[in-house]
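Everything below belongs to query_36.tsv, which stores TSV, N, CA and C atoms.
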```tsv
chain	number	residue	atom	x	y	z
A	1	MET	N	55.07	5.48	280.59
A	1	MET	CA	55.87	5.36	279.39
A	1	MET	C	55.40	4.19	278.54
A	2	ASP	N	54.13	3.93	278.51
A	2	ASP	CA	53.61	2.86	277.67
A	2	ASP	C	53.61	3.31	276.22
A	3	ASP	N	54.37	2.61	275.43
A	3	ASP	CA	54.45	2.89	274.00
A	3	ASP	C	54.21	1.57	273.28
A	4	PRO	N	53.07	1.45	272.59
A	4	PRO	CA	52.75	0.17	271.94
A	4	PRO	C	53.85	-0.32	270.99
A	5	SER	N	54.52	0.59	270.31
A	5	SER	CA	55.56	0.13	269.38
A	5	SER	C	56.76	-0.41	270.16
A	6	GLU	N	57.06	0.17	271.31
A	6	GLU	CA	58.15	-0.35	272.14
A	6	GLU	C	57.77	-1.69	272.77
A	7	ASP	N	56.48	-1.82	273.16
A	7	ASP	CA	56.01	-3.11	273.70
A	7	ASP	C	56.13	-4.20	272.65
A	8	ARG	N	55.81	-3.85	271.41
A	8	ARG	CA	55.91	-4.84	270.32
A	8	ARG	C	57.37	-5.20	270.07
A	9	ALA	N	58.25	-4.20	270.10
A	9	ALA	CA	59.68	-4.47	269.92
A	9	ALA	C	60.18	-5.38	271.03
A	10	ASP	N	59.75	-5.12	272.27
A	10	ASP	CA	60.16	-6.00	273.38
A	10	ASP	C	59.71	-7.43	273.13
A	11	ALA	N	58.48	-7.60	272.68
A	11	ALA	CA	57.95	-8.95	272.42
A	11	ALA	C	58.72	-9.63	271.29
A	12	MET	N	59.05	-8.87	270.26
A	12	MET	CA	59.79	-9.45	269.13
A	12	MET	C	61.18	-9.90	269.56
A	13	PHE	N	61.89	-9.03	270.28
A	13	PHE	CA	63.24	-9.39	270.67
A	13	PHE	C	63.25	-10.50	271.72
A	14	HIS	N	62.24	-10.53	272.58
A	14	HIS	CA	62.12	-11.65	273.52
A	14	HIS	C	61.93	-12.95	272.74
A	15	ALA	N	61.06	-12.93	271.75
A	15	ALA	CA	60.80	-14.12	270.94
A	15	ALA	C	62.07	-14.57	270.22
A	16	LEU	N	62.84	-13.63	269.73
A	16	LEU	CA	64.04	-13.96	268.96
A	16	LEU	C	65.24	-14.31	269.84
A	17	ALA	N	65.11	-14.11	271.14
A	17	ALA	CA	66.22	-14.39	272.06
A	17	ALA	C	66.46	-15.88	272.25
A	18	ASP	N	65.53	-16.70	271.81
A	18	ASP	CA	65.65	-18.15	272.00
A	18	ASP	C	66.03	-18.84	270.69
A	19	ARG	N	67.01	-19.72	270.77
A	19	ARG	CA	67.54	-20.43	269.59
A	19	ARG	C	66.47	-21.27	268.90
A	20	THR	N	65.65	-21.97	269.68
A	20	THR	CA	64.61	-22.82	269.08
A	20	THR	C	63.59	-21.95	268.34
A	21	ARG	N	63.19	-20.84	268.95
A	21	ARG	CA	62.22	-19.96	268.28
A	21	ARG	C	62.79	-19.37	267.00
A	22	ARG	N	64.08	-19.01	267.01
A	22	ARG	CA	64.69	-18.50	265.78
A	22	ARG	C	64.67	-19.58	264.69
A	23	ASP	N	64.93	-20.82	265.07
A	23	ASP	CA	64.91	-21.91	264.10
A	23	ASP	C	63.50	-22.14	263.57
A	24	ILE	N	62.51	-22.12	264.47
A	24	ILE	CA	61.12	-22.27	264.03
A	24	ILE	C	60.77	-21.15	263.06
A	25	LEU	N	61.17	-19.94	263.38
A	25	LEU	CA	60.86	-18.80	262.49
A	25	LEU	C	61.50	-18.99	261.13
A	26	ARG	N	62.75	-19.44	261.08
A	26	ARG	CA	63.41	-19.70	259.79
A	26	ARG	C	62.60	-20.70	258.97
A	27	ARG	N	62.15	-21.74	259.62
A	27	ARG	CA	61.39	-22.78	258.91
A	27	ARG	C	60.07	-22.24	258.36
A	28	VAL	N	59.33	-21.47	259.17
A	28	VAL	CA	58.02	-21.01	258.71
A	28	VAL	C	58.14	-19.82	257.77
A	29	LEU	N	59.28	-19.15	257.75
A	29	LEU	CA	59.50	-18.12	256.73
A	29	LEU	C	59.75	-18.78	255.36
A	30	ALA	N	60.33	-19.96	255.39
A	30	ALA	CA	60.60	-20.68	254.14
A	30	ALA	C	59.33	-21.30	253.56
A	31	GLY	N	58.33	-21.53	254.40
A	31	GLY	CA	57.08	-22.12	253.94
A	31	GLY	C	56.21	-22.52	255.11
A	32	GLU	N	54.95	-22.64	254.83
A	32	GLU	CA	53.99	-23.00	255.88
A	32	GLU	C	54.26	-24.40	256.41
A	33	HIS	N	54.20	-24.57	257.73
A	33	HIS	CA	54.41	-25.86	258.38
A	33	HIS	C	53.32	-26.09	259.41
A	34	SER	N	52.91	-27.33	259.55
A	34	SER	CA	51.99	-27.65	260.65
A	34	SER	C	52.81	-27.66	261.93
A	35	VAL	N	52.16	-27.30	263.02
A	35	VAL	CA	52.85	-27.30	264.31
A	35	VAL	C	53.32	-28.71	264.66
A	36	SER	N	52.52	-29.70	264.31
A	36	SER	CA	52.93	-31.08	264.59
A	36	SER	C	54.16	-31.48	263.78
A	37	ALA	N	54.26	-31.03	262.54
A	37	ALA	CA	55.46	-31.32	261.74
A	37	ALA	C	56.67	-30.60	262.32
A	38	LEU	N	56.48	-29.37	262.77
A	38	LEU	CA	57.58	-28.64	263.41
A	38	LEU	C	58.07	-29.40	264.64
A	39	ALA	N	57.13	-29.92	265.41
A	39	ALA	CA	57.48	-30.60	266.66
A	39	ALA	C	58.38	-31.80	266.44
A	40	THR	N	58.25	-32.46	265.29
A	40	THR	CA	59.09	-33.63	265.03
A	40	THR	C	60.56	-33.25	264.81
A	41	SER	N	60.82	-31.97	264.57
A	41	SER	CA	62.19	-31.51	264.30
A	41	SER	C	62.99	-31.23	265.57
A	42	TYR	N	62.35	-31.29	266.72
A	42	TYR	CA	63.01	-30.88	267.96
A	42	TYR	C	62.94	-31.98	269.01
A	43	ASP	N	63.96	-32.02	269.82
A	43	ASP	CA	64.03	-33.01	270.90
A	43	ASP	C	63.34	-32.44	272.14
A	44	MET	N	62.04	-32.20	272.00
A	44	MET	CA	61.23	-31.68	273.11
A	44	MET	C	59.79	-32.09	272.85
A	45	SER	N	58.96	-31.90	273.82
A	45	SER	CA	57.56	-32.31	273.68
A	45	SER	C	56.81	-31.43	272.69
A	46	PHE	N	55.71	-31.96	272.19
A	46	PHE	CA	54.83	-31.19	271.31
A	46	PHE	C	54.36	-29.93	272.03
A	47	ALA	N	54.02	-30.06	273.32
A	47	ALA	CA	53.55	-28.91	274.10
A	47	ALA	C	54.62	-27.83	274.18
A	48	ALA	N	55.88	-28.22	274.32
A	48	ALA	CA	56.96	-27.24	274.39
A	48	ALA	C	57.09	-26.49	273.06
A	49	VAL	N	56.98	-27.21	271.95
A	49	VAL	CA	57.04	-26.56	270.64
A	49	VAL	C	55.84	-25.64	270.47
A	50	GLN	N	54.66	-26.07	270.91
A	50	GLN	CA	53.47	-25.21	270.85
A	50	GLN	C	53.70	-23.91	271.60
A	51	LYS	N	54.36	-23.98	272.75
A	51	LYS	CA	54.64	-22.77	273.53
A	51	LYS	C	55.58	-21.84	272.78
A	52	HIS	N	56.60	-22.40	272.14
A	52	HIS	CA	57.51	-21.57	271.34
A	52	HIS	C	56.75	-20.89	270.20
A	53	VAL	N	55.90	-21.64	269.53
A	53	VAL	CA	55.09	-21.08	268.44
A	53	VAL	C	54.19	-19.97	268.97
A	54	ALA	N	53.62	-20.16	270.15
A	54	ALA	CA	52.74	-19.15	270.74
A	54	ALA	C	53.50	-17.86	271.04
A	55	VAL	N	54.73	-17.97	271.51
A	55	VAL	CA	55.54	-16.77	271.78
A	55	VAL	C	55.79	-16.01	270.47
A	56	LEU	N	56.13	-16.75	269.42
A	56	LEU	CA	56.35	-16.12	268.11
A	56	LEU	C	55.07	-15.49	267.58
A	57	GLU	N	53.96	-16.14	267.81
A	57	GLU	CA	52.67	-15.62	267.35
A	57	GLU	C	52.30	-14.34	268.11
A	58	ARG	N	52.47	-14.36	269.43
A	58	ARG	CA	52.16	-13.15	270.23
A	58	ARG	C	53.03	-11.98	269.82
A	59	ALA	N	54.26	-12.26	269.41
A	59	ALA	CA	55.17	-11.21	268.97
A	59	ALA	C	54.84	-10.71	267.57
A	60	GLY	N	53.95	-11.42	266.89
A	60	GLY	CA	53.57	-11.02	265.53
A	60	GLY	C	54.53	-11.50	264.47
A	61	LEU	N	55.42	-12.43	264.82
A	61	LEU	CA	56.40	-12.91	263.86
A	61	LEU	C	55.90	-14.07	263.01
A	62	LEU	N	54.84	-14.72	263.48
A	62	LEU	CA	54.21	-15.76	262.66
A	62	LEU	C	52.71	-15.72	262.90
A	63	THR	N	52.00	-16.31	261.97
A	63	THR	CA	50.55	-16.43	262.09
A	63	THR	C	50.18	-17.90	261.96
A	64	LYS	N	49.05	-18.25	262.55
A	64	LYS	CA	48.56	-19.63	262.45
A	64	LYS	C	47.17	-19.61	261.84
A	65	ARG	N	46.88	-20.70	261.13
A	65	ARG	CA	45.53	-20.90	260.61
A	65	ARG	C	45.21	-22.38	260.76
A	66	ARG	N	43.94	-22.66	260.78
A	66	ARG	CA	43.50	-24.06	260.91
A	66	ARG	C	43.18	-24.65	259.55
A	67	ARG	N	43.58	-25.90	259.38
A	67	ARG	CA	43.17	-26.70	258.22
A	67	ARG	C	42.75	-28.04	258.80
A	68	GLY	N	41.46	-28.20	258.96
A	68	GLY	CA	40.97	-29.41	259.61
A	68	GLY	C	41.43	-29.44	261.05
A	69	ARG	N	42.13	-30.50	261.41
A	69	ARG	CA	42.62	-30.63	262.78
A	69	ARG	C	44.02	-30.05	262.95
A	70	GLU	N	44.64	-29.65	261.84
A	70	GLU	CA	46.01	-29.13	261.90
A	70	GLU	C	46.03	-27.62	262.13
A	71	GLN	N	47.07	-27.18	262.81
A	71	GLN	CA	47.35	-25.76	262.90
A	71	GLN	C	48.57	-25.51	262.02
A	72	LEU	N	48.42	-24.61	261.05
A	72	LEU	CA	49.50	-24.31	260.12
A	72	LEU	C	50.11	-22.96	260.48
A	73	ALA	N	51.42	-22.92	260.56
A	73	ALA	CA	52.14	-21.71	260.93
A	73	ALA	C	52.89	-21.16	259.72
A	74	SER	N	52.82	-19.83	259.57
A	74	SER	CA	53.53	-19.13	258.49
A	74	SER	C	54.27	-17.95	259.09
A	75	GLY	N	55.47	-17.69	258.59
A	75	GLY	CA	56.23	-16.54	259.04
A	75	GLY	C	55.69	-15.26	258.44
A	76	ASP	N	55.81	-14.17	259.19
A	76	ASP	CA	55.38	-12.86	258.72
A	76	ASP	C	56.62	-12.07	258.30
A	77	VAL	N	56.86	-12.02	256.99
A	77	VAL	CA	58.06	-11.38	256.45
A	77	VAL	C	58.10	-9.90	256.82
A	78	GLU	N	56.98	-9.23	256.81
A	78	GLU	CA	56.96	-7.80	257.15
A	78	GLU	C	57.38	-7.57	258.60
A	79	ALA	N	56.96	-8.44	259.50
A	79	ALA	CA	57.36	-8.31	260.90
A	79	ALA	C	58.87	-8.48	261.03
A	80	VAL	N	59.43	-9.44	260.31
A	80	VAL	CA	60.87	-9.65	260.35
A	80	VAL	C	61.59	-8.43	259.77
A	81	ARG	N	61.04	-7.86	258.73
A	81	ARG	CA	61.64	-6.63	258.17
A	81	ARG	C	61.61	-5.50	259.19
A	82	SER	N	60.56	-5.41	259.99
A	82	SER	CA	60.50	-4.35	260.99
A	82	SER	C	61.57	-4.55	262.06
A	83	VAL	N	61.87	-5.81	262.42
A	83	VAL	CA	62.96	-6.09	263.35
A	83	VAL	C	64.28	-5.65	262.73
A	84	SER	N	64.47	-5.98	261.47
A	84	SER	CA	65.69	-5.58	260.77
A	84	SER	C	65.82	-4.07	260.74
A	85	SER	N	64.73	-3.40	260.50
A	85	SER	CA	64.73	-1.93	260.47
A	85	SER	C	65.12	-1.35	261.83
A	86	MET	N	64.59	-1.94	262.91
A	86	MET	CA	64.95	-1.48	264.26
A	86	MET	C	66.44	-1.65	264.51
A	87	LEU	N	66.99	-2.80	264.10
A	87	LEU	CA	68.41	-3.05	264.30
A	87	LEU	C	69.27	-2.10	263.47
A	88	THR	N	68.83	-1.81	262.27
A	88	THR	CA	69.56	-0.86	261.41
A	88	THR	C	69.56	0.53	262.05
A	89	GLU	N	68.42	0.93	262.61
A	89	GLU	CA	68.32	2.23	263.28
A	89	GLU	C	69.29	2.29	264.46
A	90	LEU	N	69.36	1.23	265.25
A	90	LEU	CA	70.29	1.19	266.39
A	90	LEU	C	71.74	1.22	265.91
A	91	GLU	N	72.01	0.51	264.82
A	91	GLU	CA	73.37	0.51	264.28
A	91	GLU	C	73.79	1.91	263.86
A	92	HIS	N	72.90	2.64	263.19
A	92	HIS	CA	73.21	4.01	262.76
A	92	HIS	C	73.47	4.91	263.96
A	93	LEU	N	72.66	4.74	264.99
A	93	LEU	CA	72.83	5.53	266.21
A	93	LEU	C	74.22	5.30	266.81
A	94	TRP	N	74.60	4.04	266.95
A	94	TRP	CA	75.89	3.73	267.55
A	94	TRP	C	77.06	4.10	266.64
A	95	ARG	N	76.91	3.94	265.34
A	95	ARG	CA	77.99	4.34	264.42
A	95	ARG	C	78.21	5.85	264.51
A	96	GLY	N	77.12	6.61	264.64
A	96	GLY	CA	77.23	8.06	264.80
A	96	GLY	C	77.97	8.42	266.07
A	97	ARG	N	77.67	7.72	267.15
A	97	ARG	CA	78.35	7.98	268.42
A	97	ARG	C	79.83	7.64	268.33
A	98	ILE	N	80.14	6.52	267.70
A	98	ILE	CA	81.54	6.11	267.54
A	98	ILE	C	82.28	7.13	266.69
A	99	ASP	N	81.65	7.61	265.62
A	99	ASP	CA	82.28	8.62	264.77
A	99	ASP	C	82.57	9.89	265.57
A	100	ARG	N	81.63	10.29	266.44
A	100	ARG	CA	81.85	11.50	267.25
A	100	ARG	C	82.98	11.29	268.25
A	101	ILE	N	83.09	10.09	268.81
A	101	ILE	CA	84.19	9.79	269.74
A	101	ILE	C	85.51	9.84	268.98
A	102	ASP	N	85.54	9.23	267.79
A	102	ASP	CA	86.77	9.26	266.97
A	102	ASP	C	87.18	10.70	266.67
A	103	THR	N	86.23	11.54	266.30
A	103	THR	CA	86.51	12.94	265.99
A	103	THR	C	87.05	13.64	267.22
A	104	PHE	N	86.42	13.42	268.36
A	104	PHE	CA	86.86	14.03	269.61
A	104	PHE	C	88.30	13.62	269.93
A	105	LEU	N	88.60	12.33	269.78
A	105	LEU	CA	89.94	11.84	270.10
A	105	LEU	C	90.98	12.40	269.14
A	106	GLU	N	90.62	12.56	267.89
A	106	GLU	CA	91.56	13.13	266.91
A	106	GLU	C	91.86	14.58	267.22
A	107	GLU	N	90.87	15.30	267.75
A	107	GLU	CA	91.04	16.73	268.05
A	107	GLU	C	91.79	16.97	269.35
A	108	HIS	N	91.86	15.95	270.21
A	108	HIS	CA	92.47	16.17	271.51
A	108	HIS	C	93.67	15.31	271.65
```

Spit out the file's structure as structure tokens when you get a sec.
Amino acid sequence: MDDPSEDRADAMFHALADRTRRDILRRVLAGEHSVSALATSYDMSFAAVQKHVAVLERAGLLTKRRRGREQLASGDVEAVRSVSSMLTELEHLWRGRIDRIDTFLEEH
């Protein structure tokens, strides 16, 4: 049952399951940040922030580029839109099920 799109969804939701990673993503969606600048915003080691950034990067939610010795991170708006689209699809599925349950209960 290997489905690359499902594997990507798993990676995205895993990345978004952590509060620090969600905060990092918000910051890099607002504008490009160096990883070292991001690290100053958190009460954790630079290496720990680098790991969070790497999880977001593997999930495709941000990209990094080099500028000299700095690594600059940017959020991928299209990837975030795809997460939103997945959640909307799930919401429609569940709303349909709830509507069918309501109809069933009204009829019985």

Taking into account all atoms listed in the file, which residue in the set A:Glu89, A:Lys64, A:Val55, A:Arg100 is nearest to Leu16 of chain A?
A:Val55

Separation of atom N of Val77 of chain A and atom CA of Arg26 of chain A, in Å?
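Result for atom N of Val77 of chain A versus atom CA of Arg26 of chain A: 10.5 Å, one decimal.
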
Top pick for closest residue to Ser36 of chain A, considering A:Gln50, A:Glu91, A:Arg19, A:Arg58 and counting only C-alpha atoms
A:Gln50

Have a look at atom N of Glu32 of chain A and atom N of Ala73 of chain A and let me know their distance in Å, one decimal.
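Calculated distance between atom N of Glu32 of chain A and atom N of Ala73 of chain A is 6.7 Å.
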
Segment 61-70 of chain A: axis-aligned bounding box, 3 Å on each side, centre and edge lengths in Å, one decimal, as lines of an AutoDock Vina configuration file:
```
center_x = 48.7
center_y = -21.5
center_z = 261.5
size_x = 21.4
size_y = 24.2
size_z = 12.6
```

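Atom CA of Arg21 of chain A to atom CA of Gly60 of chain A spans 12.7 Å [interatomic distance, one decimal].
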
Every residue of chain A that DSSP places in alpha helix (DSSP H), as a ChimeraX atom specification:
/A:4-16,19-30,35-39,46-58,77-107

Given only C-alpha atoms as the counted atoms, nearest of A:Ile24, A:Ala54, A:Leu105, A:Val80 to Thr40 of chain A:
A:Ile24

Need the shell around Gln71 of chain A: protein/DNA/RNA residues with any atom at most 8 Å away, counting only N, CA and C atoms. Skip same-chain ones fewer than 3 positions apart. Format as a list of chain:residue names?
A:His33, A:Ser34, A:Val35, A:Ser36, A:Ala37, A:Thr63, A:Lys64, A:Arg65, A:Arg66, A:Arg67, A:Gly68, A:Ser74

Counting only C-alpha atoms, the residue of A:Val28, A:Ala39, A:Met44, A:Val49 that sits nearest Asp76 of chain A
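Between A:Val28, A:Ala39, A:Met44, A:Val49, the residue approaching Asp76 of chain A most closely is A:Val28.
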
Could you pull out the strand (DSSP E or B) residues of segment 50-97 of chain A from DSSP and send them as a ChimeraX atom specification?
/A:62-67,70-75

Taking all atoms listed in the file into account, which of A:Pro4, A:Thr20, A:Gly31, A:Arg69 comes nearest Val53 of chain A?
A:Thr20

Would you please work out which residue, of A:Glu107, A:Arg22, A:Met86, A:Asp2, is nearest to Leu61 of chain A when using only C-alpha atoms?
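For Leu61 of chain A, the nearest of the candidates is A:Arg22.
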